[in-house]
>>> print(open('input-v3.txt').read())   # compact mmCIF, C-alpha atoms
# COMPACT_ATOMS: atom_id res chain seq x y z
CA MET B 1 -47.36 11.11 -28.22
CA ALA B 2 -48.42 11.76 -24.67
CA LEU B 3 -45.22 11.77 -22.63
CA THR B 4 -43.36 15.05 -23.03
CA GLY B 5 -40.90 17.04 -20.96
CA VAL B 6 -39.43 14.93 -18.17
CA LEU B 7 -39.72 11.27 -19.22
CA ARG B 8 -38.20 9.20 -16.43
CA PRO B 9 -35.24 8.72 -14.08
CA GLY B 10 -31.99 8.54 -16.06
CA PHE B 11 -29.19 7.89 -13.59
CA ILE B 12 -28.17 8.33 -9.97
CA GLN B 13 -24.69 9.00 -8.61
CA LEU B 14 -23.88 7.55 -5.17
CA ARG B 15 -20.86 7.81 -2.89
CA VAL B 16 -19.28 4.54 -1.75
CA LEU B 17 -16.54 3.78 0.77
CA ASP B 18 -15.04 0.71 -0.95
CA MET B 19 -15.18 0.68 -4.75
CA PRO B 20 -14.24 -2.96 -5.49
CA ALA B 21 -16.77 -4.25 -2.94
CA SER B 22 -19.42 -1.89 -4.33
CA VAL B 23 -18.86 -2.92 -7.94
CA GLU B 24 -19.09 -6.57 -6.94
CA HIS B 25 -22.34 -5.87 -5.09
CA TYR B 26 -24.07 -3.98 -7.88
CA THR B 27 -22.86 -6.24 -10.69
CA LYS B 28 -22.71 -9.78 -9.30
CA ARG B 29 -25.49 -9.47 -6.69
CA ILE B 30 -27.96 -6.89 -8.04
CA GLY B 31 -27.33 -8.06 -11.58
CA PHE B 32 -26.02 -4.91 -13.28
CA HIS B 33 -23.10 -4.68 -15.73
CA GLN B 34 -20.06 -2.42 -15.57
CA VAL B 35 -19.98 -0.21 -18.67
CA CYS B 36 -16.72 1.62 -17.98
CA GLU B 37 -14.56 3.37 -15.40
CA GLY B 38 -13.88 7.09 -15.81
CA ARG B 39 -10.46 8.68 -15.50
CA ASP B 40 -11.50 10.13 -12.14
CA GLY B 41 -12.32 6.64 -10.86
CA ARG B 42 -16.11 6.86 -11.09
CA VAL B 43 -17.63 3.57 -12.21
CA TYR B 44 -20.62 3.47 -14.61
CA LEU B 45 -23.14 0.63 -14.45
CA LYS B 46 -26.29 -0.42 -16.30
CA ALA B 47 -28.87 -3.17 -16.46
CA ALA B 48 -28.88 -5.31 -19.59
CA ASP B 49 -32.52 -4.35 -20.18
CA GLU B 50 -31.67 -0.62 -20.35
CA PHE B 51 -30.71 1.05 -23.64
CA ASP B 52 -28.92 4.15 -22.36
CA HIS B 53 -25.22 4.31 -21.55
CA HIS B 54 -25.54 3.90 -17.77
CA SER B 55 -28.01 4.36 -14.93
CA ILE B 56 -25.83 4.00 -11.80
CA VAL B 57 -22.67 5.98 -11.12
CA LEU B 58 -20.48 5.07 -8.14
CA ARG B 59 -17.99 7.58 -6.74
CA ARG B 60 -15.39 6.61 -4.11
CA ALA B 61 -15.58 9.00 -1.13
CA ASP B 62 -15.03 9.14 2.63
CA SER B 63 -18.77 9.21 3.33
CA ALA B 64 -21.62 7.19 1.86
CA GLY B 65 -24.72 8.83 0.38
CA PHE B 66 -26.25 10.74 -2.50
CA ASP B 67 -24.50 12.98 -5.04
CA LEU B 68 -27.25 13.57 -7.59
CA MET B 69 -30.13 12.11 -9.57
CA ALA B 70 -30.70 12.98 -13.22
CA PHE B 71 -33.94 12.73 -15.20
CA LYS B 72 -34.10 12.31 -18.96
CA VAL B 73 -36.20 14.80 -20.95
CA ARG B 74 -37.71 14.21 -24.37
CA GLU B 75 -35.64 16.64 -26.45
CA ASP B 76 -32.75 19.05 -26.15
CA ALA B 77 -34.96 22.15 -26.31
CA ASP B 78 -36.69 20.91 -23.14
CA LEU B 79 -33.48 21.71 -21.26
CA ASP B 80 -33.77 25.40 -22.17
CA ARG B 81 -37.48 25.48 -21.39
CA PHE B 82 -37.02 23.86 -17.99
CA GLU B 83 -34.01 26.05 -17.19
CA LYS B 84 -36.15 29.15 -17.58
CA ARG B 85 -38.95 27.73 -15.42
CA ILE B 86 -36.51 26.57 -12.71
CA VAL B 87 -34.76 29.94 -12.59
CA ASP B 88 -38.13 31.74 -12.52
CA TYR B 89 -39.07 29.56 -9.54
CA GLY B 90 -35.97 30.80 -7.73
CA TYR B 91 -33.35 28.05 -7.97
CA ALA B 92 -29.91 28.81 -9.48
CA VAL B 93 -29.23 26.52 -12.45
CA ASP B 94 -25.74 25.43 -13.51
CA HIS B 95 -24.55 23.68 -16.67
CA VAL B 96 -22.62 20.43 -16.95
CA PRO B 97 -20.97 19.95 -20.35
CA ALA B 98 -21.52 16.89 -22.51
CA GLY B 99 -19.04 14.15 -21.68
CA GLU B 100 -18.61 15.01 -17.99
CA GLN B 101 -20.08 11.55 -17.65
CA PRO B 102 -19.22 9.25 -20.56
CA GLY B 103 -22.01 8.82 -23.06
CA ILE B 104 -24.22 11.58 -21.62
CA GLY B 105 -24.99 14.91 -23.31
CA ARG B 106 -25.19 18.33 -21.69
CA ARG B 107 -26.99 18.57 -18.35
CA ILE B 108 -28.57 21.30 -16.27
CA GLY B 109 -28.53 21.02 -12.49
CA TRP B 110 -29.79 22.72 -9.34
CA THR B 111 -30.22 22.07 -5.62
CA LEU B 112 -33.67 21.55 -4.08
CA SER B 113 -34.72 23.05 -0.75
CA SER B 114 -34.35 19.50 0.60
CA GLY B 115 -30.62 19.80 -0.18
CA HIS B 116 -30.54 17.33 -3.08
CA ARG B 117 -28.95 18.01 -6.47
CA ILE B 118 -31.24 17.17 -9.38
CA GLU B 119 -30.22 17.28 -13.06
CA LEU B 120 -31.89 17.02 -16.46
CA PHE B 121 -30.36 15.70 -19.67
CA ALA B 122 -31.74 14.93 -23.12
CA GLN B 123 -29.13 12.82 -24.87
CA ALA B 124 -27.49 9.51 -23.99
CA ASP B 125 -25.47 7.14 -26.15
CA GLN B 126 -26.49 3.52 -26.00
CA SER B 127 -24.12 0.92 -24.59
CA ASP B 128 -23.85 -2.86 -24.41
CA PRO B 129 -25.42 -4.99 -23.19
CA LYS B 130 -28.78 -3.70 -24.34
CA PRO B 131 -32.03 -5.18 -25.67
CA ARG B 132 -32.34 -5.90 -29.37
CA VAL B 133 -34.93 -3.86 -31.19
CA HIS B 134 -35.65 -6.08 -34.20
CA ASN B 135 -37.26 -9.45 -33.45
CA PRO B 136 -36.08 -9.10 -29.87
CA ASP B 137 -35.77 -11.97 -27.43
CA VAL B 138 -37.03 -11.48 -23.89
CA TRP B 139 -33.39 -10.96 -23.04
CA GLU B 140 -30.29 -10.79 -25.16
CA LEU B 141 -27.96 -11.72 -22.29
CA GLU B 142 -29.43 -13.99 -19.65
CA PRO B 143 -30.14 -12.25 -16.31
CA HIS B 144 -27.83 -12.93 -13.36
CA GLY B 145 -27.79 -12.18 -9.63
CA MET B 146 -31.08 -10.62 -8.56
CA CYS B 147 -31.96 -10.07 -12.25
CA ALA B 148 -32.60 -6.33 -11.84
CA ARG B 149 -34.16 -4.88 -15.00
CA ARG B 150 -33.64 -1.18 -14.40
CA PHE B 151 -32.79 1.64 -12.03
CA ASP B 152 -36.34 2.61 -11.11
CA HIS B 153 -36.55 5.34 -8.45
CA ALA B 154 -34.99 6.84 -5.32
CA LEU B 155 -36.30 7.94 -1.92
CA LEU B 156 -34.59 11.03 -0.49
CA TYR B 157 -34.76 12.59 3.00
CA GLY B 158 -34.55 16.30 3.76
CA PRO B 159 -36.34 19.36 5.13
CA ASP B 160 -39.09 21.46 3.53
CA ILE B 161 -40.68 18.80 1.34
CA GLU B 162 -43.77 21.03 0.95
CA LYS B 163 -41.66 23.22 -1.33
CA THR B 164 -40.23 20.17 -3.10
CA LEU B 165 -43.78 18.96 -3.82
CA ASP B 166 -44.75 22.40 -5.11
CA PHE B 167 -41.63 22.57 -7.29
CA PHE B 168 -41.94 19.13 -8.89
CA VAL B 169 -45.63 19.67 -9.71
CA LYS B 170 -45.48 23.29 -10.89
CA VAL B 171 -42.08 23.39 -12.59
CA LEU B 172 -41.25 19.83 -13.72
CA ASP B 173 -44.89 18.79 -14.44
CA PHE B 174 -44.75 15.75 -12.13
CA GLU B 175 -47.89 14.38 -10.45
CA CYS B 176 -48.14 13.43 -6.78
CA ALA B 177 -49.39 9.82 -6.75
CA GLU B 178 -49.48 9.40 -2.96
CA ARG B 179 -48.77 11.43 0.19
CA VAL B 180 -48.66 10.92 3.98
CA ASP B 181 -50.05 13.69 6.18
CA MET B 182 -49.36 13.48 9.91
CA PRO B 183 -50.94 15.69 12.59
CA ASP B 184 -47.84 17.92 12.45
CA GLY B 185 -47.85 18.18 8.67
CA LEU B 186 -46.70 16.57 5.46
CA LEU B 187 -44.41 13.58 6.10
CA ALA B 188 -43.83 12.02 2.67
CA ILE B 189 -44.58 12.35 -1.07
CA TRP B 190 -44.39 9.96 -4.03
CA LEU B 191 -43.94 11.78 -7.35
CA THR B 192 -44.19 10.52 -10.92
CA ALA B 193 -43.27 11.95 -14.29
CA GLY B 194 -45.00 9.19 -16.24
CA MET B 195 -47.17 6.15 -15.54
CA LYS B 196 -45.24 4.44 -12.76
CA ALA B 197 -46.50 4.91 -9.21
CA HIS B 198 -43.30 6.83 -8.45
CA ASP B 199 -40.07 8.05 -10.02
CA ILE B 200 -38.81 9.88 -6.94
CA ALA B 201 -40.06 10.21 -3.37
CA PHE B 202 -39.24 12.39 -0.38
CA VAL B 203 -39.63 12.04 3.38
CA LYS B 204 -39.35 14.95 5.79
CA TYR B 205 -36.08 14.87 7.76
CA PRO B 206 -34.24 17.58 9.70
CA GLU B 207 -30.87 17.18 7.97
CA PRO B 208 -30.63 18.08 4.24
CA ASN B 209 -29.39 15.94 1.35
CA LYS B 210 -29.89 12.55 3.00
CA PHE B 211 -30.38 9.31 1.08
CA HIS B 212 -32.87 6.58 1.99
CA HIS B 213 -32.70 4.15 -0.95
CA VAL B 214 -32.19 3.48 -4.62
CA ALA B 215 -34.60 0.95 -6.13
CA PHE B 216 -34.19 -1.65 -8.84
CA GLU B 217 -37.12 -3.25 -10.60
CA LEU B 218 -37.53 -7.03 -10.79
CA GLU B 219 -39.88 -8.96 -13.05
CA ASN B 220 -42.12 -10.59 -10.45
CA TRP B 221 -42.63 -11.79 -6.87
CA ASN B 222 -40.67 -14.99 -7.56
CA ASP B 223 -37.65 -12.87 -8.40
CA VAL B 224 -38.10 -11.00 -5.10
CA GLY B 225 -37.85 -14.38 -3.38
CA HIS B 226 -34.75 -15.26 -5.39
CA ALA B 227 -33.24 -11.91 -4.36
CA ALA B 228 -33.90 -12.81 -0.71
CA ASP B 229 -32.02 -16.09 -1.22
CA ILE B 230 -29.06 -14.14 -2.63
CA LEU B 231 -29.09 -11.73 0.33
CA THR B 232 -28.69 -14.58 2.80
CA ARG B 233 -26.24 -16.59 0.68
CA TYR B 234 -23.88 -13.61 0.44
CA ASP B 235 -24.50 -12.27 3.98
CA ILE B 236 -25.79 -8.92 2.70
CA SER B 237 -27.22 -6.68 5.44
CA VAL B 238 -31.04 -6.76 5.26
CA ASP B 239 -33.30 -3.99 6.56
CA ILE B 240 -36.74 -5.57 6.01
CA GLY B 241 -38.55 -7.96 3.72
CA PRO B 242 -39.62 -9.63 1.57
CA THR B 243 -42.78 -7.66 2.25
CA ARG B 244 -45.08 -5.26 0.42
CA HIS B 245 -45.72 -1.54 0.39
CA GLY B 246 -49.31 -0.35 0.75
CA ILE B 247 -48.11 2.84 -0.90
CA THR B 248 -47.38 2.04 -4.61
CA ARG B 249 -48.25 -1.66 -3.84
CA GLY B 250 -44.71 -2.79 -4.67
CA GLN B 251 -43.48 -6.20 -3.43
CA THR B 252 -40.14 -5.42 -1.90
CA ILE B 253 -36.95 -6.02 0.08
CA TYR B 254 -34.82 -3.27 1.65
CA PHE B 255 -31.14 -4.08 2.19
CA PHE B 256 -27.79 -2.28 2.25
CA ASP B 257 -24.85 -2.04 -0.11
CA PRO B 258 -21.28 -2.52 1.28
CA SER B 259 -21.11 1.20 2.18
CA GLY B 260 -24.44 1.26 4.02
CA ASN B 261 -26.46 2.85 1.22
CA ARG B 262 -29.93 1.30 1.29
CA ASN B 263 -31.06 -0.61 -1.80
CA GLU B 264 -34.51 -1.84 -2.73
CA VAL B 265 -35.48 -4.56 -5.17
CA PHE B 266 -39.17 -4.65 -5.94
CA ALA B 267 -41.77 -5.97 -8.34
CA GLY B 268 -45.21 -4.75 -9.24
CA GLY B 269 -46.84 -1.48 -8.33
CA TYR B 270 -49.86 0.02 -10.00
CA THR B 271 -50.08 2.05 -13.18
CA TYR B 272 -50.57 5.76 -12.56
CA TYR B 273 -52.51 7.86 -15.06
CA PRO B 274 -52.14 11.63 -14.80
CA ASP B 275 -55.88 12.08 -14.19
CA ASN B 276 -55.79 9.77 -11.15
CA PRO B 277 -56.40 11.45 -7.81
CA THR B 278 -53.61 11.60 -5.25
CA ARG B 279 -53.91 8.72 -2.76
CA THR B 280 -53.57 9.97 0.83
CA TRP B 281 -52.55 8.34 4.12
CA ASP B 282 -52.90 9.55 7.70
CA GLU B 283 -51.11 8.71 10.95
CA THR B 284 -53.53 5.90 11.82
CA GLN B 285 -52.67 3.78 8.75
CA VAL B 286 -49.21 4.98 7.72
CA GLY B 287 -47.59 1.78 9.05
CA LYS B 288 -49.68 -0.25 6.60
CA GLY B 289 -48.79 2.23 3.88
CA ILE B 290 -45.06 1.74 4.36
CA PHE B 291 -44.97 -2.01 5.19
CA TYR B 292 -48.29 -3.60 4.34
CA TYR B 293 -47.76 -6.99 6.01
CA GLU B 294 -46.08 -5.74 9.20
CA ARG B 295 -48.60 -2.86 9.42
CA ALA B 296 -45.94 -0.80 11.17
CA MET B 297 -42.79 1.05 10.23
CA ASN B 298 -39.61 -0.57 11.52
CA ASP B 299 -37.17 1.40 13.68
CA ALA B 300 -34.91 2.06 10.72
CA PHE B 301 -37.41 3.55 8.27
CA LEU B 302 -37.37 7.09 9.67
CA THR B 303 -33.87 7.10 11.17
CA VAL B 304 -31.35 5.13 9.09
CA VAL B 305 -30.05 7.11 6.12
CA THR B 306 -26.70 7.92 4.48
CA MET C 1 -18.35 -8.66 -0.23
CA SER C 2 -18.75 -11.09 2.61
CA ASP C 3 -17.64 -10.28 6.12
CA THR C 4 -14.74 -12.64 5.92
CA THR C 5 -13.12 -10.85 3.00
CA ALA C 6 -13.28 -7.36 4.52
CA ALA C 7 -9.98 -5.61 4.03
CA PRO C 8 -8.18 -5.43 7.37
CA ALA C 9 -7.31 -1.97 8.60
CA PRO C 10 -5.29 -1.14 11.68
CA GLY C 11 -7.36 -0.44 14.75
CA ARG C 12 -6.34 1.33 17.90
CA ALA C 13 -4.33 -1.66 18.92
CA ALA C 14 -0.62 -1.46 18.38
CA THR C 15 -0.44 -5.07 17.35
CA PRO C 16 -1.17 -5.67 13.69
CA VAL C 17 -3.86 -8.22 13.39
CA ALA C 18 -3.08 -11.49 11.72
CA SER C 19 -5.86 -12.36 9.34
CA GLY C 20 -6.39 -15.72 7.76
CA ALA C 21 -8.18 -17.52 10.55
CA VAL C 22 -11.00 -17.84 8.06
CA GLY C 23 -10.20 -18.20 4.42
CA PRO C 24 -11.52 -19.62 1.20
CA SER C 25 -10.34 -23.11 2.09
CA ASP C 26 -12.55 -26.19 2.12
CA PRO C 27 -16.06 -24.81 2.62
CA ASP C 28 -17.22 -28.08 4.18
CA GLN C 29 -14.66 -27.86 6.97
CA PRO C 30 -16.12 -26.10 10.01
CA VAL C 31 -14.30 -22.90 10.80
CA ARG C 32 -13.56 -22.24 14.46
CA PRO C 33 -12.75 -18.57 14.84
CA ARG C 34 -11.43 -17.31 18.16
CA ARG C 35 -14.10 -16.36 20.71
CA VAL C 36 -13.91 -13.09 22.61
CA THR C 37 -16.17 -11.27 25.06
CA ILE C 38 -17.72 -7.90 24.25
CA THR C 39 -18.75 -5.94 27.32
CA VAL C 40 -21.16 -3.04 26.80
CA GLU C 41 -20.61 -0.65 29.67
CA GLY C 42 -23.47 -0.93 32.14
CA CYS C 43 -25.47 -3.34 29.96
CA GLY C 44 -23.85 -6.77 30.21
CA SER C 45 -21.69 -8.77 27.84
CA ALA C 46 -21.88 -10.82 24.67
CA THR C 47 -19.83 -13.56 23.08
CA ALA C 48 -18.35 -12.72 19.70
CA THR C 49 -15.77 -14.14 17.34
CA THR C 50 -12.84 -12.30 15.84
CA GLU C 51 -14.30 -12.82 12.37
CA GLU C 52 -17.64 -11.07 12.75
CA ARG C 53 -18.81 -7.49 13.06
CA VAL C 54 -19.12 -6.47 16.71
CA LEU C 55 -22.63 -5.09 16.11
CA VAL C 56 -23.77 -8.41 14.65
CA ALA C 57 -22.54 -10.19 17.80
CA LEU C 58 -24.44 -7.70 19.95
CA GLU C 59 -27.62 -8.19 17.90
CA ARG C 60 -27.36 -11.94 18.39
CA ALA C 61 -26.72 -11.52 22.12
CA GLN C 62 -29.78 -9.33 22.55
CA GLY C 63 -31.82 -11.90 20.66
CA PHE C 64 -30.61 -14.54 23.14
CA GLY C 65 -31.71 -12.37 26.06
CA GLN C 66 -28.22 -11.24 27.01
CA LEU C 67 -27.32 -7.54 27.35
CA ARG C 68 -30.30 -7.17 29.68
CA GLY C 69 -29.02 -3.81 30.81
CA LEU C 70 -29.66 -2.24 27.42
CA PRO C 71 -32.42 0.31 28.00
CA ARG C 72 -34.01 -0.38 24.63
CA LYS C 73 -33.55 -2.19 21.36
CA LEU C 74 -29.97 -2.07 20.14
CA PRO C 75 -29.56 0.69 17.55
CA VAL C 76 -29.01 -1.19 14.27
CA GLY C 77 -28.93 0.51 10.89
CA CYS C 78 -27.06 -0.36 7.72
CA ARG C 79 -24.48 -2.69 9.39
CA ARG C 80 -21.95 -1.52 6.77
CA GLY C 81 -20.33 1.63 8.17
CA GLY C 82 -22.50 4.18 6.36
CA CYS C 83 -25.39 5.43 8.49
CA GLY C 84 -23.75 6.10 11.88
CA ILE C 85 -26.53 4.73 14.11
CA CYS C 86 -24.25 2.26 15.94
CA ARG C 87 -21.62 4.81 16.95
CA ALA C 88 -19.71 3.64 20.03
CA ARG C 89 -16.53 4.29 21.97
CA VAL C 90 -14.11 1.45 22.63
CA LEU C 91 -12.88 1.76 26.20
CA ASP C 92 -10.56 -1.24 26.18
CA GLY C 93 -9.36 -3.95 23.84
CA GLU C 94 -8.02 -4.53 20.34
CA TYR C 95 -9.99 -4.45 17.12
CA ARG C 96 -9.61 -4.02 13.39
CA ILE C 97 -11.54 -1.50 11.36
CA THR C 98 -13.26 -1.70 7.98
CA PRO C 99 -14.40 1.45 6.12
CA MET C 100 -16.55 3.85 8.17
CA SER C 101 -18.21 7.03 6.89
CA ARG C 102 -16.25 10.14 7.83
CA ALA C 103 -19.60 11.91 8.12
CA HIS C 104 -20.05 9.98 11.36
CA VAL C 105 -16.55 9.18 12.65
CA SER C 106 -13.82 11.75 12.00
CA ALA C 107 -10.14 10.86 11.97
CA ALA C 108 -9.85 12.53 15.39
CA ASP C 109 -12.80 10.48 16.67
CA GLU C 110 -11.22 7.32 15.33
CA ALA C 111 -7.92 8.08 17.08
CA GLU C 112 -9.86 8.35 20.38
CA GLY C 113 -11.48 4.95 19.89
CA VAL C 114 -14.82 6.18 18.51
CA VAL C 115 -16.12 3.66 15.98
CA LEU C 116 -19.21 2.35 14.27
CA ALA C 117 -19.78 -0.99 15.99
CA CYS C 118 -20.81 -2.58 12.69
CA ALA C 119 -17.46 -1.74 11.09
CA ILE C 120 -15.09 -3.23 13.70
CA TYR C 121 -13.98 -6.78 14.37
CA ALA C 122 -12.85 -7.57 17.92
CA GLN C 123 -9.35 -9.03 18.14
CA SER C 124 -9.42 -9.38 21.93
CA ASP C 125 -12.00 -8.97 24.65
CA LEU C 126 -13.54 -5.52 24.18
CA THR C 127 -15.29 -3.03 26.40
CA LEU C 128 -17.34 -0.38 24.70
CA ARG C 129 -19.88 2.35 25.42
CA LEU C 130 -22.74 3.04 23.01
CA GLU C 131 -22.83 6.66 21.83
CA THR C 132 -26.01 6.59 19.74
CA PRO C 133 -26.44 9.85 17.83
CA SER C 134 -29.69 11.79 18.04
CA LEU C 135 -31.87 11.85 14.94
CA GLY C 136 -30.75 14.08 12.13
CA LYS C 137 -27.89 15.68 14.02
CA ALA C 138 -24.67 16.07 12.11
CA LYS C 139 -21.82 14.22 13.78
CA GLY C 140 -18.98 16.10 12.21
CA PRO C 141 -17.86 17.78 9.02
CA SER C 142 -19.78 16.38 6.11
CA ALA C 143 -17.12 14.63 4.12
CA ASN C 144 -17.43 14.42 0.37
>>> encode(input="input-v3.txt", output="structure tokens")
Amino acid sequence: MALTGVLRPGFIQLRVLDMPASVEHYTKRIGFHQVCEGRDGRVYLKAADEFDHHSIVLRRADSAGFDLMAFKVREDADLDRFEKRIVDYGYAVDHVPAGEQPGIGRRIGWTLSSGHRIELFAQADQSDPKPRVHNPDVWELEPHGMCARRFDHALLYGPDIEKTLDFFVKVLDFECAERVDMPDGLLAIWLTAGMKAHDIAFVKYPEPNKFHHVAFELENWNDVGHAADILTRYDISVDIGPTRHGITRGQTIYFFDPSGNRNEVFAGGYTYYPDNPTRTWDETQVGKGIFYYERAMNDAFLTVVT
Amino acid sequence: MSDTTAAPAPGRAATPVASGAVGPSDPDQPVRPRRVTITVEGCGSATATTEERVLVALERAQGFGQLRGLPRKLPVGCRRGGCGICRARVLDGEYRITPMSRAHVSAADEAEGVVLACAIYAQSDLTLRLETPSLGKAKGPSAN
């Protein structure tokens, strides 16, 4: 068994301005399912191809943006081991009791120098719909909307990403799959806990705790095209795409949810092995790295966040 | 949620806005929403309808070569009231408001006519001034 410690992204909690419109967007358009609504009004969503209780949490608020992202670790004792390493690194760690989110066990949490709250948890109940495990079909419930298969990763914006890179590599045992270095320093990092090209990414930005996008994985390039049809049919605000990233190689569309939080649906991307070298980009080719076909960043990439 | 089902909210105008000009009636019948003129102070004007986001009308106008006085590309971000890039001040006219992030437009701002152009629907001819924020600068108390 090779994967230990932090396994993968578990769930993300986002703030939305209009809950009914947001639920409709993430369920009917993206293709997720509503698992339940908490007593405090938070809504819990999952993809039918995910086992765990939920992967998206929506919270009604007066501003859009990012509350937290939680990673799943292999076993409960990992939480104690990571807590000690995080505290030794210098971040204060707090404890969230089991059940604060339905179906999720105890969590530990802290705030990065970029301003973002990150959590770890080890236990999640399963919920329906979920894949069968014995003689499974390719899907138990036929996909709908954009046919998203999972919550895959997030891109976050904030200051001091050099320290965030150092922290994820030294303390959480992530690898840096790709990075962009500009003449004035590190601009962006793509980090992975496993064998995907990224589980979380950061771009340097003056204001802390900003949110660029949450990404959902699709099966293939045809499904990216189908997602583009849905975006136009339902007049969803599009940022860019369909196009491709040079970085990670994902085939992609960026668009916005009804509160202005950016979403991505993507397919593909290479397999990352932990002995692979970090791929690096400089200022002469960074446009191709971000949007491979346009070969330039659009106006919104570095400026439009929630 | 499509634009046409956005929940109406009272704008600065005293007159409550009658909705229903566009509804889920026969989809094959052409809808003829009321046309209004959006004037961007110092930059020219654009034709809009009462059933579309003001920012979307301005984007279309710039694409048609109108709004020639704009010094650069129109600031367009999420188009859904979240990112704050299209912050503007309405100088004259009536409009209705859909949800806007309080991180970018406070209640006091809103009372003065400060809006996100993507989150308002003109209900009469409008005159507005773009107040594009500078990158990464907080616009007000960070609401949670």
>>> residues_around(input="input-v3.txt", residues="range 151-153 of chain B", least_positions_apart="6", cutoff="7 Å", atoms="only C-alpha atoms", output="list in words")
Pro9, Ser55, His198, Asp199, Ile200, Val214, Ala215, Phe216 and Glu217 of chain B
>>> atom_distance(input="input-v3.txt", atom1="CA of Ala188 in chain B", atom2="CA of Lys204 in chain B")
6.2 Å
>>> atom_distance(input="input-v3.txt", atom1="CA of Thr232 in chain B", atom2="CA of Ala296 in chain B")
23.6 Å
>>> interface_residues(input="input-v3.txt", of="chain B", to="chain C", cutoff="10 Å", atoms="all atoms listed in the file", output="PyMOL selection string")
chain B and resi 15-18+20-25+29+59-67+158+205-208+210-212+233-239+255-262+299-306
>>> closest_residue(input="input-v3.txt", among="B:Arg132, B:Lys196, B:His95, B:Arg249", to="Trp221 in chain B", atoms="all atoms listed in the file")
B:Arg249
>>> atom_distance(input="input-v3.txt", atom1="CA of Val90 in chain C", atom2="CA of Thr127 in chain C")
6.0 Å
>>> closest_atom_pairs(input="input-v3.txt", of="range 193-274 of chain B", to="range 134-149 of chain B", cutoff="12 Å", atoms="all atoms listed in the file", output="tab-separated table")
residue	atom	partner	partner_atom	distance
B:Ala215	CA	B:Ala148	CA	9.5
B:Phe216	CA	B:Ala148	CA	5.8
B:Glu217	CA	B:Arg149	CA	5.5
B:Leu218	CA	B:Ala148	CA	5.1
B:Glu219	CA	B:Arg149	CA	7.3
B:Asn220	CA	B:Cys147	CA	10.3
B:Trp221	CA	B:Met146	CA	11.7
B:Asn222	CA	B:Met146	CA	10.6
B:Asp223	CA	B:Met146	CA	6.9
B:Val224	CA	B:Met146	CA	7.8
B:Gly225	CA	B:Met146	CA	9.3
B:His226	CA	B:Met146	CA	6.7
B:Ala227	CA	B:Met146	CA	4.9
B:Ala228	CA	B:Met146	CA	8.6
B:Asp229	CA	B:Met146	CA	9.2
B:Ile230	CA	B:Met146	CA	7.2
B:Leu231	CA	B:Met146	CA	9.2
B:Arg233	CA	B:Gly145	CA	11.3
B:Tyr234	CA	B:Gly145	CA	10.9
B:Ile253	CA	B:Met146	CA	11.4
B:Asn263	CA	B:Ala148	CA	11.7
B:Glu264	CA	B:Ala148	CA	10.3
B:Val265	CA	B:Ala148	CA	7.5
B:Phe266	CA	B:Ala148	CA	9.0
B:Ala267	CA	B:Ala148	CA	9.8
>>> closest_residue(input="input-v3.txt", among="B:Asp78, B:Asp184, B:Asp275, B:Asp128", to="Leu172 in chain B", atoms="all atoms listed in the file")
B:Asp78
>>> closest_residue(input="input-v3.txt", among="B:Ile86, B:Val73, B:Ile240, B:Ile104", to="Asn298 in chain B", atoms="only C-alpha atoms")
B:Ile240
>>> residues_around(input="input-v3.txt", residues="Ile161 in chain B", least_positions_apart="5", cutoff="9 Å", atoms="only C-alpha atoms", output="list of chain:residue names")
B:Ser113, B:Ser114, B:Asp166, B:Leu186, B:Leu187, B:Ala188, B:Ile189, B:Phe202, B:Val203, B:Lys204, B:Tyr205
>>> write_last_selection(input="input-v3.txt", atoms="C-alpha atoms", output="CSV table (one decimal), keeping the file's coordinate frame")
chain,number,residue,atom,x,y,z
B,113,SER,CA,-34.7,23.0,-0.8
B,114,SER,CA,-34.4,19.5,0.6
B,166,ASP,CA,-44.8,22.4,-5.1
B,186,LEU,CA,-46.7,16.6,5.5
B,187,LEU,CA,-44.4,13.6,6.1
B,188,ALA,CA,-43.8,12.0,2.7
B,189,ILE,CA,-44.6,12.4,-1.1
B,202,PHE,CA,-39.2,12.4,-0.4
B,203,VAL,CA,-39.6,12.0,3.4
B,204,LYS,CA,-39.4,15.0,5.8
B,205,TYR,CA,-36.1,14.9,7.8
>>> residues_around(input="input-v3.txt", residues="Gly69 in chain C", least_positions_apart="2", cutoff="12 Å", atoms="only C-alpha atoms", output="PyMOL selection string")
chain C and resi 39-46+61-62+65-67+71-74
>>> residues_near_point(input="input-v3.txt", point="(-22.5, 19.9, -18.9)", cutoff="12 Å", atoms="all atoms listed in the file", output="VMD selection string")
chain B and resid 79 93 to 109 119 to 123
>>> residues_near_point(input="input-v3.txt", point="(-37.2, 7.4, -2.5)", cutoff="6 Å", atoms="all atoms listed in the file", output="JSON, numbers by chain")
{"B": [154, 155, 156, 200, 201, 202, 213]}
>>> write_last_selection(input="input-v3.txt", atoms="C-alpha atoms", output="compact mmCIF listing (two decimals), in the coordinates of the input")
# COMPACT_ATOMS: atom_id res chain seq x y z
CA ALA B 154 -34.99 6.84 -5.32
CA LEU B 155 -36.30 7.94 -1.92
CA LEU B 156 -34.59 11.03 -0.49
CA ILE B 200 -38.81 9.88 -6.94
CA ALA B 201 -40.06 10.21 -3.37
CA PHE B 202 -39.24 12.39 -0.38
CA HIS B 213 -32.70 4.15 -0.95
>>> closest_residue(input="input-v3.txt", among="C:Leu91, C:Ala107, C:Val114, C:Arg96", to="Glu52 in chain C", atoms="all atoms listed in the file")
C:Arg96
